[in-house]
>>> print(open('protein10.pdb').read())   # PDB, C-alpha atoms and all ligand atoms
ATOM      1  CA  MET A 711     130.567  85.829  65.468
ATOM      2  CA  VAL A 712     131.142  89.267  66.939
ATOM      3  CA  LYS A 713     132.624  89.503  70.404
ATOM      4  CA  ALA A 714     131.285  92.185  72.711
ATOM      5  CA  SER A 715     133.823  93.179  75.355
ATOM      6  CA  ARG A 716     132.113  95.813  77.484
ATOM      7  CA  VAL A 717     128.759  97.463  77.946
ATOM      8  CA  GLY A 718     128.940 101.114  76.982
ATOM      9  CA  HIS A 719     125.819 103.065  77.850
ATOM     10  CA  ALA A 720     122.101 102.533  78.266
ATOM     11  CA  THR A 721     119.567 104.777  76.548
ATOM     12  CA  PHE A 722     116.265 105.318  78.302
ATOM     13  CA  GLU A 723     113.083 106.993  77.253
ATOM     14  CA  THR A 724     111.648 109.011  80.117
ATOM     15  CA  PRO A 725     108.429 110.982  80.443
ATOM     16  CA  ASP A 726     110.144 113.659  82.546
ATOM     17  CA  LEU A 727     113.624 114.532  81.370
ATOM     18  CA  ASP A 728     114.291 117.123  84.100
ATOM     19  CA  ARG A 729     113.314 114.642  86.803
ATOM     20  CA  SER A 730     115.496 111.889  85.320
ATOM     21  CA  VAL A 731     118.479 114.194  84.957
ATOM     22  CA  ALA A 732     117.985 115.235  88.593
ATOM     23  CA  TYR A 733     118.007 111.566  89.658
ATOM     24  CA  TYR A 734     121.132 110.665  87.740
ATOM     25  CA  THR A 735     123.066 113.730  88.875
ATOM     26  CA  GLU A 736     121.881 114.281  92.460
ATOM     27  CA  ILE A 737     121.256 110.681  93.563
ATOM     28  CA  ASN A 738     123.092 108.275  91.274
ATOM     29  CA  GLY A 739     126.073 110.582  90.975
ATOM     30  CA  LEU A 740     126.733 110.926  87.259
ATOM     31  CA  VAL A 741     127.728 114.152  85.518
ATOM     32  CA  LEU A 742     125.497 115.889  82.998
ATOM     33  CA  HIS A 743     127.699 116.181  79.930
ATOM     34  CA  THR A 744     125.322 117.413  77.243
ATOM     35  CA  ARG A 745     121.709 118.422  77.100
ATOM     36  CA  ASP A 746     120.169 118.822  73.657
ATOM     37  CA  ARG A 747     116.832 120.476  73.309
ATOM     38  CA  ASN A 748     114.503 119.626  70.464
ATOM     39  CA  THR A 749     117.121 117.649  68.587
ATOM     40  CA  ARG A 750     115.301 115.574  66.011
ATOM     41  CA  ASP A 751     112.099 116.739  67.687
ATOM     42  CA  ARG A 752     113.079 115.346  71.025
ATOM     43  CA  SER A 753     115.109 116.421  73.988
ATOM     44  CA  ARG A 754     118.086 114.365  75.050
ATOM     45  CA  ALA A 755     120.618 114.305  77.845
ATOM     46  CA  PHE A 756     123.913 112.445  78.106
ATOM     47  CA  LEU A 757     125.473 111.571  81.434
ATOM     48  CA  ALA A 758     128.983 110.403  82.227
ATOM     49  CA  SER A 759     130.505 108.624  85.187
ATOM     50  CA  LYS A 760     132.954 110.498  87.372
ATOM     51  CA  THR A 761     135.626 108.564  85.510
ATOM     52  CA  GLY A 762     134.434 110.076  82.206
ATOM     53  CA  LEU A 763     132.611 107.076  80.719
ATOM     54  CA  LEU A 764     129.443 107.801  78.780
ATOM     55  CA  THR A 765     126.981 105.889  80.965
ATOM     56  CA  ILE A 766     123.356 106.953  80.476
ATOM     57  CA  ALA A 767     121.483 108.665  77.640
ATOM     58  CA  LEU A 768     117.990 109.991  78.288
ATOM     59  CA  GLU A 769     115.377 110.859  75.704
ATOM     60  CA  LEU A 770     112.105 112.583  76.389
ATOM     61  CA  GLY A 771     109.247 110.262  75.479
ATOM     62  CA  GLY A 772     105.886 108.945  76.460
ATOM     63  CA  THR A 773     106.888 106.296  78.972
ATOM     64  CA  GLU A 774     109.864 104.979  80.895
ATOM     65  CA  SER A 775     111.631 102.259  78.937
ATOM     66  CA  LEU A 776     115.029 100.903  78.011
ATOM     67  CA  ARG A 777     115.491 101.665  74.316
ATOM     68  CA  ARG A 778     119.105 100.878  73.487
ATOM     69  CA  LEU A 779     122.262  99.286  74.895
ATOM     70  CA  SER A 780     125.721  99.894  73.490
ATOM     71  CA  PHE A 781     128.615  97.452  73.569
ATOM     72  CA  GLU A 782     132.254  97.934  72.701
ATOM     73  CA  VAL A 783     133.695  95.361  70.319
ATOM     74  CA  SER A 784     137.264  94.702  69.254
ATOM     75  CA  PRO A 785     138.851  97.588  67.335
ATOM     76  CA  HIS A 786     140.673  95.089  65.122
ATOM     77  CA  ALA A 787     137.624  94.478  62.929
ATOM     78  CA  GLY A 788     136.145  97.271  60.822
ATOM     79  CA  PHE A 789     132.424  97.933  60.613
ATOM     80  CA  SER A 790     132.135  96.175  57.239
ATOM     81  CA  GLU A 791     133.671  93.013  58.687
ATOM     82  CA  ILE A 792     131.446  93.221  61.775
ATOM     83  CA  ALA A 793     128.375  93.735  59.584
ATOM     84  CA  LYS A 794     129.395  90.698  57.541
ATOM     85  CA  ARG A 795     129.700  88.555  60.675
ATOM     86  CA  LEU A 796     126.333  89.773  61.947
ATOM     87  CA  ALA A 797     124.753  88.942  58.596
ATOM     88  CA  ALA A 798     126.253  85.451  58.822
ATOM     89  CA  ALA A 799     124.460  85.135  62.156
ATOM     90  CA  GLY A 800     121.233  86.224  60.498
ATOM     91  CA  VAL A 801     121.258  89.777  61.847
ATOM     92  CA  ASN A 802     120.929  92.836  59.634
ATOM     93  CA  CYS A 803     122.436  96.017  61.020
ATOM     94  CA  GLU A 804     122.678  99.640  59.984
ATOM     95  CA  LYS A 805     125.358 102.246  60.568
ATOM     96  CA  ARG A 806     124.307 105.289  62.586
ATOM     97  CA  SER A 807     126.334 108.425  63.125
ATOM     98  CA  ASP A 808     126.602 111.082  65.836
ATOM     99  CA  VAL A 809     124.944 108.826  68.363
ATOM    100  CA  ALA A 810     126.269 110.466  71.496
ATOM    101  CA  PRO A 811     129.153 112.583  72.764
ATOM    102  CA  GLY A 812     132.392 110.647  72.322
ATOM    103  CA  LEU A 813     130.638 108.079  70.156
ATOM    104  CA  SER A 814     130.595 108.938  66.470
ATOM    105  CA  ASN A 815     129.491 105.736  64.783
ATOM    106  CA  VAL A 816     127.668 102.568  65.781
ATOM    107  CA  LEU A 817     126.260  99.511  64.073
ATOM    108  CA  ALA A 818     122.690  99.092  65.275
ATOM    109  CA  PHE A 819     120.254  96.195  65.264
ATOM    110  CA  ASP A 820     117.370  95.012  67.427
ATOM    111  CA  ASP A 821     117.612  92.052  69.753
ATOM    112  CA  PRO A 822     114.641  89.629  70.000
ATOM    113  CA  THR A 823     112.836  91.848  72.528
ATOM    114  CA  GLY A 824     113.146  94.936  70.310
ATOM    115  CA  THR A 825     115.833  96.592  72.411
ATOM    116  CA  THR A 826     118.372  98.123  70.050
ATOM    117  CA  VAL A 827     121.964  96.956  70.344
ATOM    118  CA  GLU A 828     124.574  99.516  69.296
ATOM    119  CA  LEU A 829     128.089  98.239  68.630
ATOM    120  CA  PHE A 830     131.045 100.595  68.627
ATOM    121  CA  THR A 831     134.790 100.300  68.227
ATOM    122  CA  GLU A 832     135.987 103.859  68.831
ATOM    123  CA  TRP A 833     135.042 106.198  71.628
ATOM    124  CA  GLY A 834     136.401 109.006  73.737
ATOM    125  CA  TYR A 835     136.338 109.847  77.420
ATOM    126  CA  LEU A 836     133.985 112.633  78.456
ATOM    127  CA  GLY A 837     136.454 114.302  80.778
ATOM    128  CA  SER A 838     137.932 112.688  83.868
ATOM    129  CA  HIS A 839     138.004 113.019  87.638
ATOM    130  CA  HIS A 840     134.625 114.706  87.726
ATOM    131  CA  GLN A 841     133.238 115.912  91.033
ATOM    132  CA  VAL A 842     129.785 114.419  91.569
ATOM    133  CA  LEU A 843     126.834 115.223  93.798
ATOM    134  CA  GLY A 844     125.353 111.742  94.259
ATOM    135  CA  ALA A 845     126.646 108.266  95.012
ATOM    136  CA  GLY A 846     129.164 108.299  92.155
ATOM    137  CA  PRO A 847     129.498 104.741  90.775
ATOM    138  CA  LEU A 848     132.637 103.622  88.973
ATOM    139  CA  LYS A 849     130.863 102.241  85.924
ATOM    140  CA  LEU A 850     127.702 100.796  84.454
ATOM    141  CA  GLY A 851     127.946  97.118  85.356
ATOM    142  CA  HIS A 852     124.967  95.154  84.083
ATOM    143  CA  ILE A 853     121.411  95.349  82.872
ATOM    144  CA  ALA A 854     118.894  92.714  83.927
ATOM    145  CA  ARG A 855     115.766  92.283  81.875
ATOM    146  CA  ALA A 856     112.561  90.343  82.340
ATOM    147  CA  VAL A 857     111.825  88.359  79.176
ATOM    148  CA  GLU A 858     109.412  85.636  78.203
ATOM    149  CA  ASN A 859     112.140  83.197  77.180
ATOM    150  CA  PRO A 860     115.517  83.592  78.977
ATOM    151  CA  LYS A 861     116.976  80.611  77.079
ATOM    152  CA  ALA A 862     116.222  82.179  73.697
ATOM    153  CA  MET A 863     117.749  85.506  74.801
ATOM    154  CA  ALA A 864     120.846  83.770  76.175
ATOM    155  CA  ASP A 865     121.240  81.850  72.922
ATOM    156  CA  PHE A 866     120.956  85.085  70.907
ATOM    157  CA  TYR A 867     123.515  87.019  72.979
ATOM    158  CA  CYS A 868     125.928  84.065  72.954
ATOM    159  CA  ARG A 869     125.517  83.290  69.254
ATOM    160  CA  VAL A 870     125.534  86.857  67.915
ATOM    161  CA  LEU A 871     127.664  88.763  70.423
ATOM    162  CA  GLY A 872     129.933  86.109  71.912
ATOM    163  CA  PHE A 873     128.560  86.182  75.458
ATOM    164  CA  ARG A 874     129.184  83.201  77.737
ATOM    165  CA  VAL A 875     126.812  81.741  80.310
ATOM    166  CA  SER A 876     128.092  82.296  83.846
ATOM    167  CA  ASP A 877     125.206  80.798  85.802
ATOM    168  CA  TRP A 878     121.590  79.776  85.677
ATOM    169  CA  ILE A 879     119.186  79.758  88.592
ATOM    170  CA  GLU A 880     117.130  76.747  87.597
ATOM    171  CA  GLU A 881     115.644  77.623  84.207
ATOM    172  CA  TYR A 882     114.304  81.044  85.019
ATOM    173  CA  PHE A 883     117.321  83.343  85.470
ATOM    174  CA  VAL A 884     120.491  83.400  83.363
ATOM    175  CA  PHE A 885     123.647  85.469  83.867
ATOM    176  CA  LEU A 886     125.914  86.198  80.873
ATOM    177  CA  ARG A 887     129.451  87.587  80.777
ATOM    178  CA  CYS A 888     131.400  89.289  78.005
ATOM    179  CA  ASN A 889     134.548  89.985  80.073
ATOM    180  CA  PRO A 890     135.796  88.850  83.505
ATOM    181  CA  ASP A 891     132.724  90.288  85.275
ATOM    182  CA  HIS A 892     130.323  87.457  86.196
ATOM    183  CA  HIS A 893     127.483  89.163  84.332
ATOM    184  CA  THR A 894     126.960  92.139  82.059
ATOM    185  CA  VAL A 895     123.481  91.162  80.876
ATOM    186  CA  ASN A 896     121.054  88.872  82.637
ATOM    187  CA  PHE A 897     117.579  87.644  81.820
ATOM    188  CA  VAL A 898     114.862  86.555  84.218
ATOM    189  CA  ARG A 899     111.630  84.980  83.084
ATOM    190  CA  GLY A 900     108.753  87.436  83.284
ATOM    191  CA  PRO A 901     105.310  87.857  81.774
ATOM    192  CA  LYS A 902     106.273  90.767  79.517
ATOM    193  CA  PRO A 903     109.600  92.193  78.278
ATOM    194  CA  LYS A 904     110.819  94.957  80.572
ATOM    195  CA  MET A 905     114.002  96.080  82.226
ATOM    196  CA  HIS A 906     114.267  94.395  85.614
ATOM    197  CA  HIS A 907     117.111  96.527  86.998
ATOM    198  CA  ILE A 908     120.204  98.441  86.011
ATOM    199  CA  ALA A 909     123.352  98.010  88.090
ATOM    200  CA  PHE A 910     126.345 100.215  88.798
ATOM    201  CA  GLU A 911     129.652  99.130  90.299
ATOM    202  CA  MET A 912     130.857 100.899  93.413
ATOM    203  CA  LYS A 913     134.353 101.061  94.870
ATOM    204  CA  ASP A 914     133.980  99.232  98.186
ATOM    205  CA  PHE A 915     131.600  98.644 101.068
ATOM    206  CA  ALA A 916     132.233 102.143 102.462
ATOM    207  CA  HIS A 917     131.035 103.474  99.100
ATOM    208  CA  ILE A 918     127.886 101.347  99.426
ATOM    209  CA  GLN A 919     127.410 102.750 102.935
ATOM    210  CA  ASP A 920     127.741 106.314 101.627
ATOM    211  CA  ALA A 921     125.050 105.499  99.065
ATOM    212  CA  CYS A 922     122.805 104.167 101.861
ATOM    213  CA  GLU A 923     123.245 107.435 103.798
ATOM    214  CA  LEU A 924     122.459 109.485 100.697
ATOM    215  CA  LEU A 925     119.338 107.474  99.879
ATOM    216  CA  ALA A 926     118.149 107.867 103.475
ATOM    217  CA  LEU A 927     118.736 111.630 103.414
ATOM    218  CA  ARG A 928     116.732 111.864 100.193
ATOM    219  CA  LYS A 929     114.016 109.645 101.691
ATOM    220  CA  MET A 930     114.468 107.029  98.963
ATOM    221  CA  PRO A 931     113.869 103.548 100.434
ATOM    222  CA  ILE A 932     116.441 100.807  99.982
ATOM    223  CA  ASN A 933     114.084  98.074  98.849
ATOM    224  CA  TRP A 934     116.600  95.229  99.048
ATOM    225  CA  GLY A 935     119.941  94.884 100.742
ATOM    226  CA  PRO A 936     122.660  95.099 101.724
ATOM    227  CA  VAL A 937     122.705  91.493 100.631
ATOM    228  CA  ARG A 938     125.287  89.071  99.249
ATOM    229  CA  HIS A 939     123.997  87.159  96.262
ATOM    230  CA  GLY A 940     124.611  83.506  95.437
ATOM    231  CA  PRO A 941     125.276  83.613  91.668
ATOM    232  CA  GLY A 942     127.912  86.325  91.142
ATOM    233  CA  HIS A 943     128.491  86.650  94.909
ATOM    234  CA  ASN A 944     128.201  90.437  94.654
ATOM    235  CA  VAL A 945     127.129  92.571  97.613
ATOM    236  CA  ALA A 946     124.245  94.772  96.523
ATOM    237  CA  ILE A 947     121.665  97.349  97.518
ATOM    238  CA  TYR A 948     118.639  98.286  95.427
ATOM    239  CA  HIS A 949     116.367 101.323  95.212
ATOM    240  CA  ARG A 950     113.867 102.774  92.747
ATOM    241  CA  ASN A 951     114.712 105.873  90.736
ATOM    242  CA  PHE A 952     112.265 108.660  89.900
ATOM    243  CA  ASP A 953     111.000 106.639  86.905
ATOM    244  CA  ASP A 954     110.209 103.719  89.242
ATOM    245  CA  GLN A 955     113.017 101.621  87.753
ATOM    246  CA  ILE A 956     115.084  99.444  90.072
ATOM    247  CA  VAL A 957     118.714 100.536  90.398
ATOM    248  CA  GLU A 958     121.415  98.368  91.975
ATOM    249  CA  PHE A 959     124.713  99.464  93.468
ATOM    250  CA  TYR A 960     127.122  96.552  93.919
ATOM    251  CA  ILE A 961     130.659  95.523  94.784
ATOM    252  CA  GLU A 962     132.790  92.369  94.731
ATOM    253  CA  MET A 963     131.260  90.619  91.749
ATOM    254  CA  ASP A 964     132.822  87.279  90.794
ATOM    255  CA  GLN A 965     135.584  87.527  88.212
ATOM    256  CA  LEU A 966     136.348  84.839  85.640
ATOM    257  CA  LYS A 967     139.795  86.060  84.751
ATOM    258  CA  ASP A 968     140.851  83.211  82.478
ATOM    259  CA  GLU A 969     138.350  81.630  80.119
ATOM    260  CA  ASP A 970     140.673  78.650  79.548
ATOM    261  CA  LEU A 971     140.800  77.839  83.254
ATOM    262  CA  GLY A 972     137.046  78.256  83.434
ATOM    263  CA  TYR A 973     136.618  78.991  87.142
ATOM    264  CA  PHE A 974     135.997  82.193  89.016
ATOM    265  CA  ASP A 975     138.809  83.876  90.898
ATOM    266  CA  PRO A 976     138.997  82.226  94.339
ATOM    267  CA  ARG A 977     137.125  84.242  96.930
ATOM    268  CA  PRO A 978     136.395  83.238 100.509
ATOM    269  CA  TRP A 979     132.618  83.313 100.021
ATOM    270  CA  HIS A 980     132.454  80.913  97.134
ATOM    271  CA  HIS A 981     130.174  77.908  97.518
ATOM    272  CA  ASP A 982     132.248  75.557  95.412
ATOM    273  CA  THR A 983     135.991  75.035  95.179
ATOM    274  CA  PRO A 984     136.583  75.827  92.430
ATOM    275  CA  GLN A 985     133.537  77.932  91.602
ATOM    276  CA  ARG A 986     132.585  77.190  88.012
ATOM    277  CA  PRO A 987     129.605  78.276  85.940
ATOM    278  CA  LYS A 988     126.664  76.071  86.895
ATOM    279  CA  THR A 989     122.936  75.830  87.379
ATOM    280  CA  TRP A 990     121.914  76.816  90.890
ATOM    281  CA  ASP A 991     119.008  75.167  92.627
ATOM    282  CA  ARG A 992     117.063  77.962  94.264
ATOM    283  CA  LYS A 993     115.884  75.605  96.991
ATOM    284  CA  ILE A 994     119.377  75.522  98.515
ATOM    285  CA  LEU A 995     119.403  79.297  98.911
ATOM    286  CA  PRO A 996     116.791  81.417 100.649
ATOM    287  CA  ASN A 997     114.968  84.276  99.019
ATOM    288  CA  LEU A 998     116.012  84.568  95.388
ATOM    289  CA  GLY A 999     119.383  83.014  96.009
ATOM    290  CA  HIS A1000     121.172  85.258  98.449
ATOM    291  CA  LEU A1001     123.694  84.224 101.078
ATOM    292  CA  TRP A1002     123.106  86.779 103.795
ATOM    293  CA  GLY A1003     120.962  89.825 104.306
ATOM    294  CA  GLN A1004     117.223  90.245 104.576
ATOM    295  CA  PRO A1005     114.832  89.098 101.847
ATOM    296  CA  PRO A1006     113.662  91.622  99.242
ATOM    297  CA  THR A1007     110.844  93.913 100.259
ATOM    298  CA  PRO A1008     107.434  93.827  98.546
ATOM    299  CA  ASP A1009     108.429  97.094  96.826
ATOM    300  CA  PHE A1010     111.343  95.305  95.133
ATOM    301  CA  LEU A1011     109.152  92.402  94.072
ATOM    302  CA  ARG A1012     106.152  94.323  92.747
TER
HETATM  303 FE    FE B1101     121.952  92.824  89.397
END
>>> encode(input="protein10.pdb", output="structure tokens", more="lines below")
Ligand SMILES: [Fe+2]
Amino acid sequence: MVKASRVGHATFETPDLDRSVAYYTEINGLVLHTRDRNTRDRSRAFLASKTGLLTIALELGGTESLRRLSFEVSPHAGFSEIAKRLAAAGVNCEKRSDVAPGLSNVLAFDDPTGTTVELFTEWGYLGSHHQVLGAGPLKLGHIARAVENPKAMADFYCRVLGFRVSDWIEEYFVFLRCNPDHHTVNFVRGPKPKMHHIAFEMKDFAHIQDACELLALRKMPINWGPVRHGPGHNVAIYHRNFDDQIVEFYIEMDQLKDEDLGYFDPRPWHHDTPQRPKTWDRKILPNLGHLWGQPPTPDFLR
């Protein structure tokens, strides 16, 4: 088995590259690092967090869609060893080079929904302490996807990439961790495979408030939140970007700091003492399992 330790960046296809770059720089608050034009017959843009992490890649294409997700794996295993372990799990991969700034080589394969997973062991910061125009998240936190079979996706990510199940909401929503964060990928049952939302970690509630002010100034509705969730216990707000994708800003996500102990770091808002991974019954929580805050708007749910 290969063990993913961190999500790297998400690669999106977008029908309007200028508009997407404007969203990620002026609203989300990333920094445009590189913009290629007509590379391999397509235009691309790479965006970094203010901390210098490669966070989003954009490619001009016919429709908005999540194409690839990268994950960092342990540097102690070389690519040949990783490829061998993937093959043992029934997954064939290929090595790709010059993927993105700061990311020379990846091992790539498709997950069961056709989203490409890119594994990397070496990377470089894209600068540091950048000044940003928009909200300015600390990092890419998680990617939620609607899939036909959440159980099958959870099994794949656990079996092939070493993820662990943090929580289920009944049998329709699963949250998986690859490090102390409660979830880095999550899968909700939906009629067709599609990204459900992409989430970015903020510094604190004042940072969330700043993001609310910015969204209001830009006349971009907050379509859910502020709200504190049940599973993960994070405080979150959601809006739609210019490609109509849902974007979450969050803070205070549950941390499982010691896998041997097996419970989340004690926090005052936990339901259980100790709070362990479990299956939540959505009937005990209102409105998609949140603790406080208003229910999601129809715009979030559509
Ligand atoms: Fe989320």
>>> atom_distance(input="protein10.pdb", atom1="atom CA of Leu850 of chain A", atom2="atom CA of Lys967 of chain A")
19.1 Å
>>> resolve_selection(input="protein10.pdb", expression="the PyMOL selection byres (((chain A and resi 717-730) around 6) and not hetatm)", output="list of chain:residue names")
A:Arg716, A:Val731, A:Ala732, A:Tyr733, A:Thr765, A:Ile766, A:Ala767, A:Leu768, A:Glu769, A:Leu770, A:Gly771, A:Gly772, A:Thr773, A:Glu774, A:Ser775, A:Leu776, A:Arg777, A:Arg778, A:Leu779, A:Ser780, A:Phe781
>>> residues_near_ligand(input="protein10.pdb", ligand="ligand FE 1101 (chain B)", cutoff="8 Å", atoms="all atoms listed in the file", output="PDB file with C-alpha atoms, keeping the file's coordinate frame")
ATOM      1  CA  HIS A 852     124.967  95.154  84.083  1.00  0.00           C
ATOM      2  CA  ILE A 853     121.411  95.349  82.872  1.00  0.00           C
ATOM      3  CA  ALA A 854     118.894  92.714  83.927  1.00  0.00           C
ATOM      4  CA  ASN A 896     121.054  88.872  82.637  1.00  0.00           C
ATOM      5  CA  HIS A 907     117.111  96.527  86.998  1.00  0.00           C
ATOM      6  CA  ILE A 908     120.204  98.441  86.011  1.00  0.00           C
ATOM      7  CA  ALA A 909     123.352  98.010  88.090  1.00  0.00           C
ATOM      8  CA  ALA A 946     124.245  94.772  96.523  1.00  0.00           C
ATOM      9  CA  GLU A 958     121.415  98.368  91.975  1.00  0.00           C
ATOM     10  CA  TYR A 960     127.122  96.552  93.919  1.00  0.00           C
TER      11      TYR A 960
END
>>> closest_atom_pairs(input="protein10.pdb", of="segment 755-815 of chain A", to="segment 739-743 of chain A", cutoff="7 Å", atoms="only C-alpha atoms", output="Markdown table")
| residue | atom | partner | partner_atom | distance |
| --- | --- | --- | --- | --- |
| A:Phe756 | CA | A:His743 | CA | 5.6 |
| A:Leu757 | CA | A:Leu742 | CA | 4.6 |
| A:Ala758 | CA | A:Val741 | CA | 5.1 |
| A:Ser759 | CA | A:Leu740 | CA | 4.9 |
| A:Lys760 | CA | A:Leu740 | CA | 6.2 |
>>> residues_near_point(input="protein10.pdb", point="(132.3, 84.8, 84.7)", cutoff="6 Å", atoms="only C-alpha atoms", output="VMD selection string")
chain A and resid 876 887 890 to 892 965 to 966
>>> atom_distance(input="protein10.pdb", atom1="atom CA of His786 of chain A", atom2="atom CA of Val809 of chain A")
21.1 Å
>>> residues_around(input="protein10.pdb", residues="Pro903 of chain A", least_positions_apart="6", cutoff="7 Å", atoms="only C-alpha atoms", output="ChimeraX atom specification")
/A:823,856-858
>>> write_last_selection(input="protein10.pdb", atoms="C-alpha atoms", output="PDB file, in the coordinates of the input")
ATOM      1  CA  THR A 823     112.836  91.848  72.528  1.00  0.00           C
ATOM      2  CA  ALA A 856     112.561  90.343  82.340  1.00  0.00           C
ATOM      3  CA  VAL A 857     111.825  88.359  79.176  1.00  0.00           C
ATOM      4  CA  GLU A 858     109.412  85.636  78.203  1.00  0.00           C
TER       5      GLU A 858
END
>>> residues_around(input="protein10.pdb", residues="Gln1004 of chain A", least_positions_apart="3", cutoff="9 Å", atoms="all atoms listed in the file", output="count of residues only")
7
>>> closest_residue(input="protein10.pdb", among="A:Lys805, A:His949, A:Arg869, A:Lys861", to="Met711 of chain A", atoms="all atoms listed in the file")
A:Arg869
>>> resolve_selection(input="protein10.pdb", expression="the PyMOL selection byres (((chain A and resi 795) around 12) and not hetatm)", output="ChimeraX atom specification")
/A:711-713,787-794,796-803,817,869-872
>>> resolve_selection(input="protein10.pdb", expression="the PyMOL selection byres (((chain A and resi 973-982) around 12) and not hetatm)", output="MDAnalysis selection string")
chainID A and resid 876:877 887 889:893 938:945 962:972 983:988 990 994:995 1000:1002
>>> write_last_selection(input="protein10.pdb", atoms="C-alpha atoms", output="PDB file, in the coordinates of the input")
ATOM      1  CA  SER A 876     128.092  82.296  83.846  1.00  0.00           C
ATOM      2  CA  ASP A 877     125.206  80.798  85.802  1.00  0.00           C
ATOM      3  CA  ARG A 887     129.451  87.587  80.777  1.00  0.00           C
ATOM      4  CA  ASN A 889     134.548  89.985  80.073  1.00  0.00           C
ATOM      5  CA  PRO A 890     135.796  88.850  83.505  1.00  0.00           C
ATOM      6  CA  ASP A 891     132.724  90.288  85.275  1.00  0.00           C
ATOM      7  CA  HIS A 892     130.323  87.457  86.196  1.00  0.00           C
ATOM      8  CA  HIS A 893     127.483  89.163  84.332  1.00  0.00           C
ATOM      9  CA  ARG A 938     125.287  89.071  99.249  1.00  0.00           C
ATOM     10  CA  HIS A 939     123.997  87.159  96.262  1.00  0.00           C
ATOM     11  CA  GLY A 940     124.611  83.506  95.437  1.00  0.00           C
ATOM     12  CA  PRO A 941     125.276  83.613  91.668  1.00  0.00           C
ATOM     13  CA  GLY A 942     127.912  86.325  91.142  1.00  0.00           C
ATOM     14  CA  HIS A 943     128.491  86.650  94.909  1.00  0.00           C
ATOM     15  CA  ASN A 944     128.201  90.437  94.654  1.00  0.00           C
ATOM     16  CA  VAL A 945     127.129  92.571  97.613  1.00  0.00           C
ATOM     17  CA  GLU A 962     132.790  92.369  94.731  1.00  0.00           C
ATOM     18  CA  MET A 963     131.260  90.619  91.749  1.00  0.00           C
ATOM     19  CA  ASP A 964     132.822  87.279  90.794  1.00  0.00           C
ATOM     20  CA  GLN A 965     135.584  87.527  88.212  1.00  0.00           C
ATOM     21  CA  LEU A 966     136.348  84.839  85.640  1.00  0.00           C
ATOM     22  CA  LYS A 967     139.795  86.060  84.751  1.00  0.00           C
ATOM     23  CA  ASP A 968     140.851  83.211  82.478  1.00  0.00           C
ATOM     24  CA  GLU A 969     138.350  81.630  80.119  1.00  0.00           C
ATOM     25  CA  ASP A 970     140.673  78.650  79.548  1.00  0.00           C
ATOM     26  CA  LEU A 971     140.800  77.839  83.254  1.00  0.00           C
ATOM     27  CA  GLY A 972     137.046  78.256  83.434  1.00  0.00           C
ATOM     28  CA  THR A 983     135.991  75.035  95.179  1.00  0.00           C
ATOM     29  CA  PRO A 984     136.583  75.827  92.430  1.00  0.00           C
ATOM     30  CA  GLN A 985     133.537  77.932  91.602  1.00  0.00           C
ATOM     31  CA  ARG A 986     132.585  77.190  88.012  1.00  0.00           C
ATOM     32  CA  PRO A 987     129.605  78.276  85.940  1.00  0.00           C
ATOM     33  CA  LYS A 988     126.664  76.071  86.895  1.00  0.00           C
ATOM     34  CA  TRP A 990     121.914  76.816  90.890  1.00  0.00           C
ATOM     35  CA  ILE A 994     119.377  75.522  98.515  1.00  0.00           C
ATOM     36  CA  LEU A 995     119.403  79.297  98.911  1.00  0.00           C
ATOM     37  CA  HIS A1000     121.172  85.258  98.449  1.00  0.00           C
ATOM     38  CA  LEU A1001     123.694  84.224 101.078  1.00  0.00           C
ATOM     39  CA  TRP A1002     123.106  86.779 103.795  1.00  0.00           C
TER      40      TRP A1002
END
>>> axis_aligned_box(input="protein10.pdb", around="segment 831-850 of chain A", padding_each_side="6 Å", output="JSON")
{"center_x": 131.7, "center_y": 108.1, "center_z": 81.6, "size_x": 24.7, "size_y": 27.6, "size_z": 38.8}
>>> closest_residue(input="protein10.pdb", among="A:Val957, A:Lys902, A:Lys993, A:Glu804", to="Asp820 of chain A", atoms="all atoms listed in the file")
A:Glu804
>>> closest_residue(input="protein10.pdb", among="A:Leu813, A:Ala862, A:Ile737, A:Leu829", to="Cys922 of chain A", atoms="all atoms listed in the file")
A:Ile737
>>> closest_residue(input="protein10.pdb", among="A:Gln955, A:Gln919, A:Asn738, A:Thr894", to="His906 of chain A", atoms="only C-alpha atoms")
A:Gln955
>>> atom_distance(input="protein10.pdb", atom1="atom CA of Ser715 of chain A", atom2="atom CA of Phe830 of chain A")
10.4 Å
>>> residues_around(input="protein10.pdb", residues="Ile918 of chain A", least_positions_apart="2", cutoff="10 Å", atoms="all atoms listed in the file", output="NGL selection string")
:A and (845 or 847 or 911-916 or 920-924 or 936 or 945-947 or 959-961)
>>> closest_residue(input="protein10.pdb", among="A:Gly846, A:Pro860, A:Pro901, A:Gly834", to="Glu782 of chain A", atoms="only C-alpha atoms")
A:Gly834
